[in-house]
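The next block holds one structure in the form of structure tokens; read it before the comments.
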Amino acid sequence: MGRGTNQRDTLLAAAAGGAAVAGSYLVTGWAPSFVVRPVDQAIVNLTPGPIVTLAIETLGDAGHLIHIGMAFAVVVGLFGAVAFAGLRLAARTDRRAVGVATAGVGSWLLAAGLTGISTQALGAALPGAAVVGIGWLRSPTGRPPAGDASSPDAGDSVSGTDSADAAGLTAGVDAVRRRTLAVVAGALGFVAATAVGRRALATDDDPLADAPRSEGAAARLQELDDAALSVESADLHDLVSPIGGFYNVDIAEFDPAVTASEWSLTFTGETGTDRTVTFDELTDRPVEHRAITLRCVGEDLNGRKLDNAVWTGTPIRPLLESVDPQGDCDCAMLRGEDGYYVQFPVDVLAEGFLAWGMNGKELPPGHGHPVRVLIPGHWGETNVKWLSEIELLRVEDDGYWEERGWEGTGEVKTVAKLWDEGITDLGDGRIELAGHAYAGTRGIERVEVSTDGGDSWTDATLSDPLPDADVWRQWRHVFDPDGEHEVVVRAVDGEGARQIRAPSDSSPSGATGWVRRTVG
């Protein structure tokens with residue numbers, strides 16, 4: 001077996017691996033049954049905490065691209081290895097069917113093993129087998145094709161024949177290369193068509209349905225709209241973030257697929273009685289529509305992972321009291337269907353909210369459909385999505401991020417933001433500065449703005465206060481620039497404490513510092 005055959009089979013195997021992954025995606029979409037998902041989850045779970053923190057602080061959102069890229073590479077390699085084995089067996093037995101069967105059955109077993117779903121595994125098996133079947137070439141004698149430079153007889157043929165035979169050999173090699181490249185190009189075309197087709201199908205998805213008993217959400221949304229400031233920037237959203245623009249961070253790239261009819265929440269562990277609540281039972285409980293702001297602990301000081309929505313749901317306290325929480329630590333571990341977990345003191349958890357609606361619509365899959373928990377005043381990462389279990393503990397235990405060096409369930413820190421879209425030239429020589437400020441359940445008392453680098457300060461205009469405890473406020477300030485100005489913004493919370501001045505990274509407990517921008 002010569003180098004030429006090795007190279008050709010490797011190229012075909014890589015194409016088969018890519019086609020197998022694309023076939024799985026065509027059948028499943030970006031779902032937990034996609035063959036890349038379990039590998040991506042394993043990479044996420046096995047990555048050491050310091051590396052996770054480094055990726056968050058240095059790469060931000062791009063850090064997710066690294067582990068999903070690694071997962072794709074591993075899975076393409078696995079299916080490619082199966083295809084490679086099929087090509088070699090076909091050559092050894094001189095039977096195309098043997099190679100196709102090996103690649104098809106092997107790919108099916110691999111896909112079924114990764115996802116646990118045998119029927120959808122055919123989506124990966126068929127394209128991989130097809131590439132092997134179309135790409136493998138043989139000679140009438142059962143040896144590698146007569147033009148293949150890797151043939152054992154190729155060297156003798158060139159040295160012992162006339163120029164016409166040499167020309168024929170060259171033509172044969174070229175034919176093999178063209179055939180191989182055509183198969184690889186076809187596989188790549190299949191991959192591209194699958195990606196484009198799946199994206200087109202995604203745009204045709206039905207819009208989110210109205211959340212159960214969400215008639216009160218419209219009134220709350222109007223209340224927030226009335227409380228918002230009037231600002232010139234068309235790109236700076238008001239007090240409610242659109243669902244599609246609400247930031248979204250998860251431990252992995254694939255959201256669990258859980259229907260409302262399948263969902264339940266189970267209370268376990270140190271309880272007087274275990275209890276399981278279905279979705280219908282939950283939505284039959286007293287309904288509230290709360291404005292709750294979420295901020296990501298991993299964002300930088302002036303980052304964009306701060307948003308607000310009106311959430312439809314029910315308080316968790318009555319359910320928690322119904323199971324009679326026990327255990328010496330007075331703490332509970334919350335778990336989601338995606339494998340995420342976080343610990344809370346019971347008294348803090350009791351202030352939480354079980355949400356099944358967002359801005360008057362059903363909770364989107366990316367935000368925890370059908371049910372997530374919201375804990376007032378705490379970092380967004382503590383609000384478990386796809387909530388499935390609350391275990392009352394006997395002793396304290398670390399949550400997912402605490403195991404990776406973060407502080408876990410701490411309260412949010414006070415911050416005032418000034419993003420690019422909040423800086424607007426009014427056209428009359430003045431500049432408008434506008435943004436959002438947030439301090440969790442402490443609320444925002446005022447926002448102070450300096451246009452001279454912090455030497456002097458002016459109180460900004462604030463949006464009207466809302467009855468919700470855990471919600472941001474808008475701020476606005478207009479000034480006349482005379483050249484460049486170093487603008488500094490800082491917030492004062494409802495307890496009179498000013499935003500921390502000293503800068504710090506997001507790890508381990510959230511970024512601090514005053515936000516500074518050069519304007520003018």
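Ordered as shown in the structure tokens, chains take letters A, B, and onward, while each chain numbers its residues from 1 and ligands are numbered from 1 in the order shown.
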Q) Quick one: residues within 7 Å of A:Asp300, only C-alpha atoms counted, chain neighbours fewer than 2 positions away excluded, as a list in words? A)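 With the cut-off at 7 Å, the set is Gly298, Asn302, Gly303, Asp505, Ser506 and Ala511 of chain A.
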**Q.** Neighbour list for stretch 403-413 of chain A as a PyMOL selection string, cut-off 7 Å, only C-alpha atoms, skip fewer than 3 positions in-chain
**A.** chain A and resi 49-50+344+377-379+382+398-400+439-440+507-509
Each stretch 309-391 of chain A residue no farther than 6 Å from stretch 278-297 of chain A, nearest pair in Å, only C-alpha atoms, as a Markdown table:
| residue | atom | partner | partner_atom | distance |
| --- | --- | --- | --- | --- |
| A:Ala309 | CA | A:Ala291 | CA | 5.6 |
| A:Val310 | CA | A:Ala291 | CA | 4.3 |
| A:Trp311 | CA | A:Arg290 | CA | 5.3 |
| A:Thr312 | CA | A:His289 | CA | 4.6 |
| A:Gly313 | CA | A:Val287 | CA | 5.5 |
| A:Thr314 | CA | A:Val287 | CA | 5.1 |
| A:Trp379 | CA | A:Arg295 | CA | 5.7 |
| A:Gly380 | CA | A:Cys296 | CA | 5.0 |
Q: Excluding A:Gly269 and any residue of its chain fewer than 3 positions from it, enumerate the residues within 12 Å of it, using only C-alpha atoms, and give them as a ChimeraX atom specification.
A: /A:266,272-275,323-327,330-334,389-395
